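Here is the file structure32.csv (CSV, C-alpha atoms).
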```csv
chain,number,residue,atom,x,y,z
F,1,MET,CA,5.0,61.6,-4.5
F,2,PRO,CA,8.7,61.8,-5.5
F,3,GLU,CA,10.3,58.6,-6.7
F,4,THR,CA,12.9,58.5,-3.9
F,5,ARG,CA,10.2,58.7,-1.3
F,6,LEU,CA,8.2,55.9,-2.9
F,7,ILE,CA,11.3,53.7,-3.1
F,8,GLU,CA,12.0,54.5,0.6
F,9,ILE,CA,8.6,53.3,1.6
F,10,LEU,CA,8.8,50.2,-0.5
F,11,LEU,CA,12.2,49.2,0.9
F,12,LYS,CA,10.5,48.6,4.3
F,13,LYS,CA,8.1,46.1,2.8
F,14,GLU,CA,8.3,42.7,1.1
F,15,ALA,CA,5.9,43.4,-1.8
F,16,VAL,CA,4.3,46.2,-3.7
F,17,ILE,CA,1.0,45.8,-5.5
F,18,PHE,CA,0.1,48.3,-8.3
F,19,ASP,CA,-3.1,49.4,-9.8
F,20,LEU,CA,-2.8,49.5,-13.6
F,21,PHE,CA,-5.0,52.1,-15.4
F,22,HIS,CA,-4.4,55.7,-14.3
F,23,THR,CA,-1.5,54.5,-12.2
F,24,LEU,CA,1.0,52.9,-14.6
F,25,THR,CA,-0.7,53.9,-17.8
F,26,SER,CA,-3.8,55.5,-19.2
F,27,ILE,CA,-5.8,55.1,-22.4
F,28,GLU,CA,-6.6,58.9,-22.3
F,29,SER,CA,-2.9,59.8,-22.5
F,30,THR,CA,-1.9,57.3,-25.1
F,31,LEU,CA,-5.0,57.3,-27.4
F,32,PRO,CA,-4.1,58.6,-30.9
F,33,PRO,CA,-6.1,61.4,-32.4
F,34,GLY,CA,-9.5,60.1,-33.6
F,35,PRO,CA,-13.0,59.4,-32.3
F,36,THR,CA,-13.5,58.0,-28.8
F,37,THR,CA,-16.0,55.2,-28.0
F,38,SER,CA,-18.6,57.7,-27.0
F,39,ASP,CA,-18.1,59.6,-30.2
F,40,LEU,CA,-18.6,56.5,-32.3
F,41,LEU,CA,-21.7,55.6,-30.4
F,42,GLY,CA,-23.1,59.2,-30.7
F,43,ILE,CA,-23.5,59.6,-26.9
F,44,THR,CA,-21.8,61.9,-24.4
F,45,GLN,CA,-18.7,60.9,-22.5
F,46,LYS,CA,-20.6,61.5,-19.2
F,47,GLN,CA,-23.2,58.9,-20.3
F,48,TRP,CA,-20.6,56.4,-21.3
F,49,ASN,CA,-18.6,56.9,-18.1
F,50,GLU,CA,-21.7,56.3,-16.0
F,51,GLN,CA,-22.2,53.0,-17.7
F,52,LEU,CA,-18.6,52.0,-17.4
F,53,LEU,CA,-18.2,52.9,-13.7
F,54,GLU,CA,-21.6,52.3,-12.2
F,55,ARG,CA,-23.7,49.9,-14.4
F,56,SER,CA,-21.4,47.2,-15.8
F,57,HIS,CA,-20.4,44.9,-12.9
F,58,GLU,CA,-20.9,41.7,-15.0
F,59,ARG,CA,-18.2,42.7,-17.5
F,60,LEU,CA,-15.7,43.5,-14.8
F,61,ILE,CA,-16.1,40.1,-13.0
F,62,GLY,CA,-15.9,38.2,-16.3
F,63,LYS,CA,-19.5,37.0,-16.3
F,64,ILE,CA,-19.9,38.6,-19.7
F,65,ARG,CA,-16.7,38.0,-21.8
F,66,ASP,CA,-17.7,39.1,-25.3
F,67,PRO,CA,-16.9,42.8,-25.8
F,68,LEU,CA,-19.6,43.1,-28.4
F,69,VAL,CA,-22.2,41.9,-25.9
F,70,PHE,CA,-21.3,44.2,-23.1
F,71,ILE,CA,-20.6,47.2,-25.3
F,72,GLU,CA,-24.1,46.7,-26.9
F,73,GLN,CA,-25.7,46.3,-23.5
F,74,MET,CA,-24.2,49.6,-22.2
F,75,ALA,CA,-24.8,51.4,-25.4
F,76,HIS,CA,-28.5,50.3,-25.7
F,77,ALA,CA,-29.0,51.2,-22.0
F,78,ILE,CA,-28.3,54.8,-23.1
F,79,ASN,CA,-30.0,54.7,-26.5
F,80,PRO,CA,-31.7,51.5,-27.8
F,81,GLU,CA,-31.5,52.8,-31.4
F,82,ILE,CA,-27.7,52.7,-31.8
F,83,PRO,CA,-27.1,50.4,-34.8
F,84,SER,CA,-25.0,47.2,-34.6
F,85,ASP,CA,-22.3,48.5,-37.0
F,86,LEU,CA,-21.5,51.4,-34.7
F,87,ILE,CA,-21.3,49.1,-31.7
F,88,HIS,CA,-18.9,46.8,-33.6
F,89,ARG,CA,-16.7,49.8,-34.5
F,90,ALA,CA,-16.8,51.1,-31.0
F,91,ALA,CA,-15.8,47.7,-29.5
F,92,GLN,CA,-12.8,47.3,-31.9
F,93,ASN,CA,-11.8,50.9,-31.3
F,94,ARG,CA,-11.9,50.3,-27.5
F,95,ILE,CA,-9.8,47.1,-27.7
F,96,GLN,CA,-7.2,48.9,-29.8
F,97,GLY,CA,-7.1,51.9,-27.5
F,98,PHE,CA,-6.5,49.8,-24.4
F,99,ARG,CA,-3.9,47.7,-26.2
F,100,GLY,CA,-2.1,50.9,-27.1
F,101,ALA,CA,-2.1,52.0,-23.4
F,102,LEU,CA,-0.5,48.7,-22.4
F,103,LEU,CA,2.1,48.9,-25.1
F,104,GLN,CA,3.0,52.6,-24.5
F,105,ILE,CA,4.3,52.5,-21.0
F,106,SER,CA,6.5,55.5,-20.2
F,107,SER,CA,10.2,55.1,-19.7
F,108,SER,CA,10.0,56.6,-16.2
F,109,THR,CA,7.3,54.0,-15.1
F,110,ARG,CA,9.5,51.2,-16.5
F,111,GLN,CA,12.5,52.4,-14.7
F,112,ILE,CA,10.7,52.7,-11.3
F,113,LEU,CA,9.4,49.1,-11.7
F,114,GLN,CA,12.9,47.9,-12.6
F,115,LYS,CA,14.4,49.6,-9.6
F,116,ILE,CA,11.9,48.0,-7.3
F,117,LYS,CA,12.5,44.6,-8.9
F,118,ALA,CA,16.3,45.1,-8.5
F,119,THR,CA,15.8,45.4,-4.7
F,120,GLY,CA,14.4,41.9,-4.6
F,121,LYS,CA,10.9,43.0,-3.7
F,122,LYS,CA,7.9,41.1,-5.1
F,123,ILE,CA,5.7,43.1,-7.5
F,124,GLY,CA,2.0,42.5,-8.1
F,125,LEU,CA,-0.6,44.0,-10.4
F,126,LEU,CA,-4.2,44.3,-9.3
F,127,SER,CA,-6.7,45.7,-11.8
F,128,ASN,CA,-10.4,46.1,-12.3
F,129,ALA,CA,-10.6,45.3,-16.0
F,130,ASP,CA,-12.8,43.5,-18.5
F,131,VAL,CA,-11.5,41.1,-21.2
F,132,SER,CA,-11.1,43.9,-23.8
F,133,GLU,CA,-9.2,46.1,-21.5
F,134,MET,CA,-6.6,43.5,-20.5
F,135,ALA,CA,-6.3,41.9,-24.0
F,136,GLY,CA,-2.9,43.5,-24.8
F,137,TRP,CA,-1.3,42.8,-21.4
F,138,ALA,CA,0.9,39.9,-22.6
F,139,GLU,CA,2.5,42.3,-25.1
F,140,SER,CA,3.2,45.0,-22.6
F,141,PRO,CA,6.9,45.8,-22.0
F,142,ILE,CA,6.4,45.7,-18.2
F,143,ALA,CA,4.5,42.4,-18.1
F,144,MET,CA,7.5,40.3,-17.3
F,145,LEU,CA,8.4,42.4,-14.2
F,146,PHE,CA,5.4,41.2,-12.2
F,147,ASP,CA,5.4,38.2,-9.9
F,148,SER,CA,1.5,38.2,-9.7
F,149,VAL,CA,-1.1,39.6,-12.1
F,150,VAL,CA,-4.7,39.7,-11.0
F,151,PHE,CA,-7.5,41.0,-13.3
F,152,SER,CA,-11.0,41.2,-12.0
F,153,CYS,CA,-12.5,39.6,-15.0
F,154,GLU,CA,-10.4,36.5,-14.4
F,155,VAL,CA,-11.1,36.0,-10.7
F,156,GLY,CA,-14.7,37.2,-10.4
F,157,TYR,CA,-14.1,39.9,-7.8
F,158,ILE,CA,-13.5,43.7,-8.1
F,159,LYS,CA,-11.7,46.2,-5.9
F,160,PRO,CA,-12.5,47.1,-3.2
F,161,GLU,CA,-13.8,43.6,-2.4
F,162,LYS,CA,-11.7,41.8,0.2
F,163,GLU,CA,-11.4,38.6,-1.9
F,164,ILE,CA,-9.5,40.2,-4.8
F,165,TYR,CA,-6.8,41.6,-2.4
F,166,ASP,CA,-6.6,38.1,-0.8
F,167,ILE,CA,-5.9,36.5,-4.2
F,168,SER,CA,-3.1,39.0,-4.9
F,169,LEU,CA,-1.5,38.6,-1.5
F,170,ARG,CA,-1.7,34.8,-1.7
F,171,GLN,CA,-0.1,34.7,-5.1
F,172,LEU,CA,2.7,36.9,-3.7
F,173,SER,CA,2.9,34.8,-0.5
F,174,VAL,CA,3.0,38.0,1.7
F,175,GLU,CA,1.0,39.2,4.7
F,176,PRO,CA,-1.0,42.4,4.2
F,177,ARG,CA,1.1,44.3,6.8
F,178,LYS,CA,4.2,43.6,4.7
F,179,ALA,CA,2.7,44.9,1.4
F,180,VAL,CA,2.2,48.3,-0.1
F,181,PHE,CA,-0.7,49.1,-2.5
F,182,VAL,CA,-0.1,51.9,-5.0
F,183,GLY,CA,-2.9,53.4,-7.0
F,184,ASP,CA,-4.9,56.4,-8.1
F,185,GLY,CA,-7.8,55.7,-5.7
F,186,GLY,CA,-10.5,54.8,-8.2
F,187,SER,CA,-13.1,52.3,-7.2
F,188,ARG,CA,-12.2,52.9,-3.5
F,189,GLU,CA,-9.2,50.7,-4.1
F,190,LEU,CA,-7.0,52.5,-1.5
F,191,GLU,CA,-9.8,52.2,1.2
F,192,GLY,CA,-10.1,48.5,0.4
F,193,ALA,CA,-6.3,47.9,0.6
F,194,LYS,CA,-6.1,49.9,3.9
F,195,GLU,CA,-8.9,47.8,5.4
F,196,MET,CA,-6.9,44.7,4.5
F,197,GLY,CA,-4.0,46.1,6.6
F,198,MET,CA,-1.8,47.2,3.7
F,199,THR,CA,0.2,50.5,3.6
F,200,THR,CA,-1.3,52.6,0.8
F,201,VAL,CA,0.3,55.1,-1.6
F,202,PHE,CA,-1.7,57.5,-3.6
F,203,ILE,CA,-0.3,58.2,-7.1
F,204,SER,CA,-1.7,61.3,-8.8
F,205,GLY,CA,0.7,62.0,-11.7
F,206,LEU,CA,-1.5,60.7,-14.5
F,207,ILE,CA,-4.6,62.3,-12.9
F,208,ARG,CA,-2.9,65.7,-13.0
F,209,GLU,CA,-1.9,65.0,-16.7
F,210,LEU,CA,-5.4,64.1,-17.6
```

Take the structure in the file and write it out as structure tokens.
Amino acid sequence: MPETRLIEILLKKEAVIFDLFHTLTSIESTLPPGPTTSDLLGITQKQWNEQLLERSHERLIGKIRDPLVFIEQMAHAINPEIPSDLIHRAAQNRIQGFRGALLQISSSTRQILQKIKATGKKIGLLSNADVSEMAGWAESPIAMLFDSVVFSCEVGYIKPEKEIYDISLRQLSVEPRKAVFVGDGGSRELEGAKEMGMTTVFISGLIREL
């Protein structure tokens, strides 16, 4: 969607809530050359993605907060023989990768957020993320632009659950019909936002890049 069209939609609302990864930034597009988590663990990317997306609910709701623990659980679910030293390296590599994604926000993304902020609209962030994925958020150059920041591991709910949208809306003091949710559509987030009564905007720029 062109930037001018996005701004036009947002001007009609009181608040805009953004997804984070694959919407405002992406580890895949900012990761420096080198081994990935799956490379370090000696497994395929498909196997690792399956664990991340389908079999690790407890890390996303913050029930397990030690990256070494949930990385080990996911790795050993694929191959119980993966040694602890590789798991430790993979955990550290993953933390640094996500920290880099939060620090390397594109200038165009920063400018769009600043333009929205300048209109007086409230801006929220709503992300399914574990403790290692959000660890670098406080250092991100866009962190100060948000009026509300909700990470799933801190509130115990994940998109598309109704409760996590409720938390974001309450923090912004806005009704669903007066808010816009912007995201790439992962985790059925757009469906969840629409069911809440929010206007939804699908962002595909980073997906095309990836």

Quiz prompt | Non-local contacts of Leu68 in chain F (9 Å; all atoms listed in the file; under 3 positions in same chain excluded) as a ChimeraX atom specification | solution = /F:65,71-73,87-88,90-92

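If only C-alpha atoms are the atoms counted, then among F:Leu102, F:Leu172, F:Ile43, F:Met74 the closest residue to Thr30 in chain F is F:Leu102.
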
Quiz item: Hey, what's within 12 Å of Met144 in chain F if we count only C-alpha atoms and toss same-chain stuff fewer than 2 positions away? As an MDAnalysis selection string, please?
Solution: chainID F and resid 110 113:114 117 123:125 137:142 146:149

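Taking CA of Leu24 in chain F as the reference point, CA of Gly42 in chain F is found at 29.7 Å.
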
Quiz item: Which residues come within 12 Å of Val150 in chain F, counting all atoms listed in the file, excluding same-chain residues fewer than 4 positions away, as an MDAnalysis selection string?
Solution: chainID F and resid 17:20 61 123:130 134 137 143 146 154:159 163:172

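Shortest separation to Arg177 in chain F among F:Thr199, F:Ser26, F:Ser152, F:Ser107 occurs at residue F:Thr199, atoms counted being all atoms listed in the file.
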
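Going from CA of Gln96 in chain F over to CA of Phe202 in chain F, you cover 28.1 Å.
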
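Note that the spacing between CA of Leu103 in chain F and CA of Glu28 in chain F amounts to 13.5 Å.
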
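Nearest residue to Lys178 in chain F, choosing from F:Lys115, F:Leu10, F:Gly192, F:Ile105 and counting all atoms listed in the file: F:Leu10.
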
Exercise. Give as number ranges by chain every residue, naming chains and numbers as the document does, that has an atom within 7 Å of (-23.7, 56.0, -33.3), counting all atoms listed in the file.
Key: F: 40-42, 82-83, 86

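Among the candidate residues F:Ile27, F:Pro35, F:Glu161, F:Glu50, the one lying nearest to Ile95 in chain F is F:Ile27, with distances computed using all atoms listed in the file.
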
Self-check item: Nearest to Ala15 in chain F by atom-to-atom distance, counting only C-alpha atoms, from F:Val174, F:Val131, F:Leu60, F:Ala118
Solution: F:Val174
